[in-house]
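Chemist: Next comes the structure file target25.txt, holding compact mmCIF, C-alpha atoms.
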# COMPACT_ATOMS: atom_id res chain seq x y z
CA MET V 85 71.96 25.14 -82.56
CA ASP V 86 75.25 27.05 -82.63
CA VAL V 87 78.50 25.51 -81.37
CA LEU V 88 82.04 26.88 -81.21
CA LEU V 89 84.80 24.34 -80.54
CA LEU V 90 88.12 25.87 -79.46
CA TYR V 91 91.38 23.94 -79.00
CA VAL V 92 94.27 26.30 -78.19
CA ASP V 93 94.26 28.41 -81.40
CA ASP V 94 92.21 26.11 -83.65
CA ILE V 95 88.48 26.77 -83.95
CA ILE V 96 85.55 24.89 -85.48
CA LEU V 97 82.30 26.86 -85.79
CA ALA V 98 78.94 25.21 -86.48
CA CYS V 99 75.94 27.53 -86.84
CA SER V 100 72.30 27.21 -87.78
CA SER V 101 72.59 30.07 -90.28
CA THR V 102 75.33 31.47 -92.51
CA ALA V 103 74.57 35.05 -91.44
CA PHE V 104 75.13 34.22 -87.78
CA SER V 105 78.41 32.41 -88.49
CA ASP V 106 79.62 35.37 -90.58
CA SER V 107 78.84 37.74 -87.72
CA ILE V 108 80.83 35.62 -85.25
CA ILE V 109 83.79 35.35 -87.63
CA GLY V 110 83.66 39.11 -88.18
CA PHE V 111 83.67 39.74 -84.45
CA LEU V 112 86.66 37.46 -83.93
CA MET V 113 88.59 39.06 -86.79
CA ASN V 114 88.03 42.52 -85.29
CA SER V 115 89.32 41.35 -81.91
CA TYR V 116 92.07 38.85 -82.79
CA PRO V 117 94.36 38.01 -85.73
CA VAL V 118 92.05 35.25 -87.02
CA LYS V 119 92.21 33.61 -90.45
CA ASP V 120 89.04 32.14 -91.96
CA LEU V 121 89.97 28.83 -93.66
CA GLY V 122 86.47 28.20 -95.00
CA ILE V 123 84.64 24.88 -94.83
CA LEU V 124 86.10 22.28 -92.47
CA ARG V 125 88.82 20.21 -94.15
CA TYR V 126 91.53 19.57 -91.58
CA PHE V 127 91.59 19.84 -87.79
CA LEU V 128 94.27 18.61 -85.38
CA GLY V 129 95.55 16.01 -87.84
CA ILE V 130 92.03 14.80 -88.69
CA GLU V 131 90.86 15.12 -92.29
CA ALA V 132 87.19 15.95 -92.86
CA GLU V 133 85.45 15.11 -96.13
CA PHE V 134 81.81 15.99 -96.80
CA GLN V 135 79.90 13.44 -98.85
CA ASN V 136 76.41 12.86 -100.23
CA ASN V 137 75.57 16.57 -100.66
CA SER V 138 77.01 17.38 -97.21
CA GLN V 139 74.68 14.85 -95.57
CA GLN V 140 77.65 12.81 -94.36
CA LEU V 141 81.03 13.71 -92.90
CA LEU V 142 83.92 11.24 -93.11
CA LEU V 143 86.71 11.76 -90.56
CA THR V 144 90.02 10.10 -91.41
CA GLN V 145 93.73 10.39 -90.62
CA ASN V 146 95.24 9.29 -93.93
CA LYS V 147 98.09 11.80 -93.94
CA TYR V 148 99.04 10.91 -90.38
CA THR V 149 98.89 7.18 -91.16
CA LEU V 150 101.13 7.51 -94.22
CA GLU V 151 103.62 9.54 -92.21
CA MET V 152 103.77 6.77 -89.60
CA LEU V 153 104.27 4.08 -92.23
CA GLU V 154 107.04 6.09 -93.85
CA LYS V 155 108.69 6.83 -90.51
CA TYR V 156 108.96 3.13 -89.65
CA ASP V 157 109.81 2.01 -93.20
CA LEU V 158 106.54 0.14 -93.78
CA LEU V 159 105.17 2.01 -96.80
CA ASN V 160 105.86 -1.01 -99.03
CA CYS V 161 104.90 -3.68 -96.50
CA LYS V 162 102.41 -6.47 -97.17
CA PRO V 163 99.00 -5.44 -95.79
CA SER V 164 97.41 -7.54 -93.03
CA LYS V 165 93.74 -8.55 -93.14
CA THR V 166 93.18 -7.96 -89.42
CA PRO V 167 95.07 -5.91 -86.80
CA VAL V 168 95.58 -8.94 -84.53
CA THR V 169 95.14 -12.69 -84.81
CA LYS V 170 92.51 -14.65 -82.96
CA GLY V 171 93.91 -16.80 -80.15
CA PRO V 172 95.74 -16.67 -76.81
CA ARG V 173 97.29 -13.34 -75.89
CA LEU V 174 100.96 -12.85 -75.20
CA PHE V 175 102.43 -12.60 -71.71
CA VAL V 176 104.50 -9.62 -70.64
CA SER V 177 107.56 -11.89 -70.59
CA THR V 178 106.99 -13.52 -74.01
CA GLY V 179 109.93 -13.06 -76.39
CA THR V 180 113.35 -11.42 -76.18
CA PRO V 181 113.58 -7.93 -74.62
CA LEU V 182 114.26 -5.14 -77.12
CA SER V 183 117.58 -3.30 -76.92
CA ASN V 184 115.87 -0.06 -77.99
CA ILE V 185 112.47 0.40 -76.34
CA THR V 186 112.11 4.04 -77.43
CA GLU V 187 110.94 3.10 -80.94
CA TYR V 188 108.33 0.71 -79.56
CA ARG V 189 106.92 3.36 -77.26
CA SER V 190 106.92 5.90 -80.07
CA MET V 191 105.01 3.54 -82.38
CA VAL V 192 102.38 2.73 -79.75
CA GLY V 193 102.00 6.39 -78.83
CA GLY V 194 101.42 7.24 -82.49
CA LEU V 195 98.83 4.48 -82.81
CA GLN V 196 96.95 5.75 -79.77
CA TYR V 197 96.30 9.04 -81.57
CA LEU V 198 94.95 7.08 -84.55
CA THR V 199 92.18 5.55 -82.43
CA MET V 200 90.42 8.93 -82.65
CA THR V 201 89.15 7.95 -86.11
CA ARG V 202 89.95 4.21 -86.18
CA PRO V 203 87.80 2.54 -83.49
CA ASN V 204 88.45 -0.84 -85.16
CA ILE V 205 92.05 -0.80 -83.84
CA CYS V 206 91.11 0.40 -80.35
CA PHE V 207 91.43 -3.04 -78.70
CA ASN V 208 94.69 -3.80 -80.47
CA VAL V 209 96.34 -0.54 -79.43
CA ASN V 210 95.20 -1.09 -75.85
CA TYR V 211 96.68 -4.59 -76.07
CA VAL V 212 100.18 -3.51 -77.19
CA ALA V 213 100.18 -0.54 -74.80
CA GLN V 214 100.28 -3.00 -71.89
CA PHE V 215 103.87 -3.93 -72.83
CA MET V 216 105.29 -0.40 -72.80
CA GLN V 217 107.50 -0.98 -69.76
CA SER V 218 109.50 -3.94 -71.10
CA PRO V 219 108.60 -4.68 -74.74
CA THR V 220 110.00 -7.70 -76.55
CA ASP V 221 110.48 -8.71 -80.17
CA GLU V 222 107.15 -10.60 -80.05
CA HIS V 223 105.35 -7.48 -78.86
CA LEU V 224 106.97 -5.48 -81.66
CA LEU V 225 105.51 -7.92 -84.19
CA LEU V 226 102.06 -7.13 -82.81
CA VAL V 227 102.61 -3.41 -83.32
CA LYS V 228 103.89 -3.89 -86.86
CA ARG V 229 100.88 -6.04 -87.68
CA ILE V 230 98.59 -3.14 -86.71
CA LEU V 231 100.57 -0.86 -89.02
CA ARG V 232 100.34 -3.44 -91.83
CA TYR V 233 96.59 -3.54 -91.32
CA LEU V 234 96.44 0.26 -91.55
CA LYS V 235 98.40 0.09 -94.82
CA GLY V 236 95.66 -2.05 -96.35
CA THR V 237 92.75 0.04 -95.05
CA LEU V 238 93.71 3.61 -95.92
CA GLY V 239 90.61 5.77 -96.25
CA THR V 240 88.84 4.13 -93.34
CA GLY V 241 87.42 6.43 -90.69
CA VAL V 242 84.36 7.47 -88.75
CA LEU V 243 81.30 8.38 -90.82
CA LEU V 244 78.89 10.90 -89.29
CA SER V 245 75.48 11.11 -90.94
CA ALA V 246 72.77 13.74 -90.81
CA GLY V 247 69.41 12.58 -89.49
CA ASP V 248 67.56 11.86 -86.30
CA ILE V 249 69.77 12.60 -83.26
CA THR V 250 67.16 12.14 -80.57
CA ALA V 251 68.05 8.51 -79.86
CA ILE V 252 71.13 7.09 -78.16
CA SER V 253 72.02 3.41 -78.44
CA ALA V 254 75.03 1.56 -77.07
CA TYR V 255 76.69 -1.86 -77.20
CA SER V 256 78.48 -3.31 -74.20
CA ASP V 257 80.72 -6.39 -74.11
CA SER V 258 83.49 -7.98 -72.07
CA ASP V 259 85.70 -11.02 -72.22
CA TRP V 260 86.43 -12.93 -69.02
CA ALA V 261 89.91 -13.00 -67.48
CA GLY V 262 91.40 -12.25 -70.89
CA CYS V 263 94.68 -10.77 -69.63
CA PRO V 264 97.05 -13.74 -69.03
CA ASP V 265 99.24 -11.78 -66.58
CA THR V 266 96.59 -10.27 -64.28
CA ARG V 267 93.47 -12.27 -65.24
CA ARG V 268 91.52 -9.06 -65.44
CA SER V 269 88.80 -8.76 -68.06
CA ILE V 270 88.79 -6.42 -71.04
CA TYR V 271 85.59 -4.44 -71.56
CA GLY V 272 84.51 -2.74 -74.73
CA MET V 273 81.71 -0.36 -75.60
CA CYS V 274 80.49 1.85 -78.42
CA VAL V 275 77.78 4.51 -78.38
CA PHE V 276 75.71 5.74 -81.32
CA LEU V 277 73.83 9.02 -81.66
CA GLY V 278 71.23 8.17 -84.24
CA SER V 279 73.18 6.16 -86.81
CA SER V 280 76.54 7.84 -86.09
CA LEU V 281 79.25 6.38 -83.90
CA VAL V 282 80.23 9.04 -81.35
CA SER V 283 82.05 7.22 -78.53
CA TRP V 284 84.02 4.00 -78.09
CA SER V 285 86.43 2.46 -75.62
CA SER V 286 88.47 -0.66 -74.88
CA LYS V 287 90.07 -0.97 -71.44
CA LYS V 288 91.12 -3.44 -68.83
CA GLN V 289 88.76 -3.59 -65.86
CA PRO V 290 90.33 -2.33 -62.61
CA THR V 291 89.32 -5.42 -60.60
CA ILE V 292 89.19 -9.16 -61.22
CA SER V 293 85.77 -10.62 -62.04
CA LYS V 294 84.80 -13.98 -60.56
CA SER V 295 82.45 -14.85 -63.39
CA SER V 296 81.66 -13.86 -66.97
CA ALA V 297 78.33 -12.43 -65.76
CA GLU V 298 80.16 -10.13 -63.34
CA ALA V 299 82.57 -8.98 -66.05
CA GLU V 300 79.69 -8.27 -68.43
CA TYR V 301 77.72 -6.48 -65.73
CA LYS V 302 80.66 -4.21 -64.88
CA SER V 303 80.91 -3.38 -68.57
CA LEU V 304 77.19 -2.56 -68.61
CA ALA V 305 77.67 -0.10 -65.74
CA ILE V 306 80.59 1.65 -67.48
CA THR V 307 78.65 1.89 -70.75
CA ALA V 308 75.56 3.21 -68.95
CA ALA V 309 77.68 5.91 -67.30
CA GLU V 310 78.97 6.96 -70.74
CA VAL V 311 75.40 7.15 -72.07
CA VAL V 312 74.40 9.32 -69.09
CA TRP V 313 77.32 11.69 -69.73
CA ILE V 314 76.53 12.01 -73.45
CA SER V 315 72.87 12.67 -72.70
CA PHE V 316 73.80 15.47 -70.28
CA LEU V 317 76.09 17.01 -72.89
CA LEU V 318 73.34 16.93 -75.52
CA GLN V 319 70.89 18.50 -73.09
CA GLU V 320 73.38 21.34 -72.56
CA LEU V 321 73.28 21.82 -76.33
CA ASP V 322 69.47 22.02 -76.11
CA ILE V 323 68.87 18.78 -78.00
CA SER V 324 65.69 16.90 -77.09
CA LEU V 325 66.23 13.18 -76.53
CA ALA V 326 63.85 10.25 -76.68
CA THR V 327 64.08 7.77 -73.81
CA PRO V 328 64.59 4.99 -72.99
CA PHE V 329 68.00 4.65 -74.59
CA GLN V 330 68.85 1.18 -75.87
CA LEU V 331 71.76 -0.64 -74.25
CA TYR V 332 72.64 -3.96 -75.93
CA CYS V 333 74.44 -6.85 -74.25
CA ASP V 334 74.97 -10.46 -75.38
CA ASN V 335 75.13 -11.97 -71.87
CA VAL V 336 71.79 -13.35 -70.65
CA SER V 337 72.83 -13.35 -66.98
CA ALA V 338 73.91 -9.69 -67.07
CA ASN V 339 70.65 -8.75 -68.78
CA SER V 340 68.66 -10.58 -66.10
CA LEU V 341 70.54 -8.82 -63.31
CA ALA V 342 69.82 -5.44 -64.89
CA THR V 343 66.08 -6.01 -65.30
CA ASN V 344 65.20 -8.29 -62.37
CA PRO V 345 64.12 -6.22 -59.33
CA VAL V 346 64.92 -9.08 -56.94
CA PHE V 347 68.37 -8.56 -55.40
CA HIS V 348 70.48 -11.70 -55.61
CA ALA V 349 72.51 -12.55 -52.51
CA ARG V 350 75.33 -14.04 -54.59
CA THR V 351 75.91 -10.74 -56.40
CA LYS V 352 76.28 -8.47 -53.36
CA TYR V 353 79.91 -7.81 -54.22
CA ILE V 354 78.76 -5.88 -57.29
CA GLU V 355 76.01 -4.09 -55.39
CA ILE V 356 77.03 -0.55 -56.48
CA ASP V 357 76.92 -1.42 -60.17
CA TYR V 358 73.69 -3.30 -59.59
CA HIS V 359 71.88 -0.35 -58.01
CA PHE V 360 73.27 2.08 -60.61
CA ILE V 361 71.92 0.05 -63.52
CA ARG V 362 68.66 -0.80 -61.77
CA GLU V 363 67.97 2.86 -61.04
CA LEU V 364 68.47 3.82 -64.69
CA VAL V 365 66.26 0.94 -65.88
CA SER V 366 63.46 1.55 -63.38
CA SER V 367 63.39 5.28 -64.19
CA GLY V 368 62.94 4.51 -67.89
CA PHE V 369 66.24 6.17 -68.80
CA ILE V 370 67.75 3.08 -70.44
CA GLN V 371 66.45 -0.27 -71.62
CA VAL V 372 68.81 -3.23 -71.51
CA SER V 373 68.22 -5.60 -74.41
CA TYR V 374 69.79 -8.85 -75.56
CA VAL V 375 71.76 -8.92 -78.80
CA SER V 376 73.26 -12.01 -80.39
CA SER V 377 77.03 -12.37 -80.40
CA ALA V 378 76.99 -12.19 -84.20
CA ASN V 379 75.61 -8.64 -83.96
CA GLN V 380 77.56 -7.55 -80.88
CA LEU V 381 79.55 -4.64 -82.28
CA ALA V 382 81.47 -4.18 -79.03
CA ASP V 383 83.08 -7.59 -79.63
CA LEU V 384 85.66 -5.68 -81.69
CA PHE V 385 86.88 -3.99 -78.51
CA THR V 386 87.47 -7.10 -76.39
CA LYS V 387 89.39 -9.67 -78.42
CA GLY V 388 91.07 -10.62 -81.67
CA LEU V 389 88.71 -11.95 -84.34
CA VAL V 390 89.10 -13.96 -87.53
CA HIS V 391 88.98 -12.02 -90.78
CA CYS V 392 85.38 -12.69 -91.82
CA VAL V 393 83.94 -11.86 -88.38
CA PHE V 394 86.16 -8.80 -88.00
CA LEU V 395 85.18 -7.55 -91.45
CA THR V 396 81.47 -7.98 -90.76
CA LEU V 397 81.49 -6.22 -87.39
CA ALA V 398 83.80 -3.44 -88.59
CA GLY V 399 81.51 -2.82 -91.54
CA LYS V 400 78.49 -2.54 -89.25
CA LEU V 401 80.38 -0.34 -86.81
CA LEU V 402 81.76 2.15 -89.31
CA CYS V 403 79.15 1.86 -92.10
CA LEU V 404 81.86 2.26 -94.73
CA HIS V 405 81.58 1.37 -98.39
CA GLN V 406 85.14 -0.05 -98.29
CA TYR V 407 83.86 -3.11 -96.48
CA GLN V 408 82.48 -5.45 -99.15
CA LEU V 409 81.36 -8.50 -97.22
CA LYS V 410 82.33 -11.75 -98.88
CA GLY V 411 80.02 -13.95 -96.84
CA ASP V 412 80.18 -15.71 -93.52
CA CYS V 413 82.38 -18.60 -92.43
CA LYS V 414 81.12 -21.91 -93.73
CA ASN V 415 82.77 -24.02 -91.02
CA SER V 416 85.18 -23.99 -88.11
CA GLU V 417 88.17 -24.77 -90.36
CA CYS V 418 88.17 -21.11 -91.42
CA ILE V 419 88.98 -20.06 -87.85
CA MET V 420 91.84 -22.54 -87.45
CA SER V 421 93.48 -22.16 -90.85
CA GLU V 422 93.26 -18.38 -90.84
CA SER V 423 94.72 -18.06 -87.36
CA VAL V 424 97.68 -20.30 -88.24
CA SER V 425 98.40 -18.67 -91.60
CA GLU V 426 98.14 -15.14 -90.22
CA ARG V 427 100.52 -15.97 -87.39
CA ALA V 428 102.98 -17.51 -89.83
CA SER V 429 102.98 -14.34 -91.94
CA GLU V 430 104.08 -12.33 -88.90
CA LEU V 431 107.16 -14.47 -88.44
Just dump the structure as structure tokens.
Modeler:
Amino acid sequence: MDVLLLYVDDIILACSSTAFSDSIIGFLMNSYPVKDLGILRYFLGIEAEFQNNSQQLLLTQNKYTLEMLEKYDLLNCKPSKTPVTKGPRLFVSTGTPLSNITEYRSMVGGLQYLTMTRPNICFNVNYVAQFMQSPTDEHLLLVKRILRYLKGTLGTGVLLSAGDITAISAYSDSDWAGCPDTRRSIYGMCVFLGSSLVSWSSKKQPTISKSSAEAEYKSLAITAAEVVWISFLLQELDISLATPFQLYCDNVSANSLATNPVFHARTKYIEIDYHFIRELVSSGFIQVSYVSSANQLADLFTKGLVHCVFLTLAGKLLCLHQYQLKGDCKNSECIMSESVSERASEL
């Protein structure tokens, strides 16, 4: 398989043989003023580091992150354990309006580019981006907390591993009416090709869901559409895929709707999503399976989590050696005390 990725005047070339890649580079040099920079190290602000005898590729944005911290005078800040606290979300009107909103917008815009290699801040960046029109001092604290979290997790990124790429698996999740201003739900999803994370997203659903099952089912449909698109792309690259693809969801009702051939009268208002999922399931293209909430990786994309839960899910999502799990919560006091102490540190 030979692939050439071109972005304006930056090129990445992946070939099945060195001789073929040399011939392409030679052709380009004869036709254009091209400079061969050798093995991939840096591309569009993303640093690439080969590990384990080139069997793994770690994509990070350390340089970009340090530049952001320096720009906003946070290089010496106290790191945060999580990018956002667990608990109720802020309203648009919470806090005192900022006199200078340009800095807020600049910070959030910079963080959005970081989500290319930091899926574990995807929900948080989506969260603070909702206050771009009229940010307040409380919203600014949220943004600075994300930056403080980045300070303590430098070196984190997406790890791509060599191996079987014939299987696609995905995790789909949604909260219910999580946005306090619109009562729309936030959906999250992540897609794996083999053991490598290749796609992720955290967004507000365009319509209001009347139940948690409806919110989860809409998220299933969006995730299934992403799996379909990735499969078509891989087929264009002449990669053989093994079906059915696994789609994991932690909502029993949504799973039942996807696999039960009997149409339910009370769910007619989500009929389009219903038929889309049902068609994919009945054709053997995907298989919807239940996954416990403790192993629902997409939970990272829908809400704030306490430190131990966030650490566990982030470790499973990114497969990074930086995450040394210290054990699970022993009781509910961990959730309460951590949420209060973390919030106090912001103020």
Chemist: Which is closest to Leu153 in chain V among V:Gly236, V:Pro167, V:Gly122, V:Gly179, if we use all atoms listed in the file?
Modeler: V:Gly236
Chemist: Near range 188-199 of chain V, counting all atoms listed in the file, which residues have an atom at most 8 Å away, once you skip same-chain residues fewer than 2 positions from it, shown as a PyMOL selection string?
Modeler: chain V and resi 145+149+152+184-186+201-206+209+212-213+216+219+224+227
Chemist: For a quick check of understanding, using all atoms listed in the file, which of V:Leu234, V:Leu143, V:Val87, V:Ala308 has the smallest distance to Leu159 in chain V?
Modeler: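 Of all the options, V:Leu234 lies closest to Leu159 in chain V.
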Chemist: V:Ala297, V:Leu90, V:Ala398, V:Ile252: which is nearest Leu341 in chain V, counting all atoms listed in the file?
Modeler: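 Ranked by minimum distance to Leu341 in chain V, first place goes to V:Ala297.
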Chemist: What separation in Å, quoted to one decimal, exists between CA of Phe329 in chain V and CA of Phe394 in chain V?
Modeler: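 These atoms are spaced 26.3 Å apart.
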Chemist: Just give me the gap between CA of Glu363 in chain V and CA of Leu401 in chain V in Å, one decimal is fine.
Modeler: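 Distance between the two atoms: 28.8 Å.
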Chemist: Taking only C-alpha atoms into account, name the residue in V:Ile314, V:Val372, V:Leu381, V:Leu364 that is nearest to Val336 in chain V.
Modeler: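 Result for the nearest residue to Val336 in chain V: V:Val372.
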Chemist: Between CA of Leu97 in chain V and CA of Asp120 in chain V, measure the distance and give it in Å to one decimal.
Modeler: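 Separation of CA of Leu97 in chain V and CA of Asp120 in chain V: 10.6 Å.
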Chemist: Which residue is closest to Leu231 in chain V? Choose from V:Asn208, V:Ser293, V:Ser315, V:Asn335 and count only C-alpha atoms.
Modeler: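 Among V:Asn208, V:Ser293, V:Ser315, V:Asn335, it is V:Asn208 that comes nearest to Leu231 in chain V.
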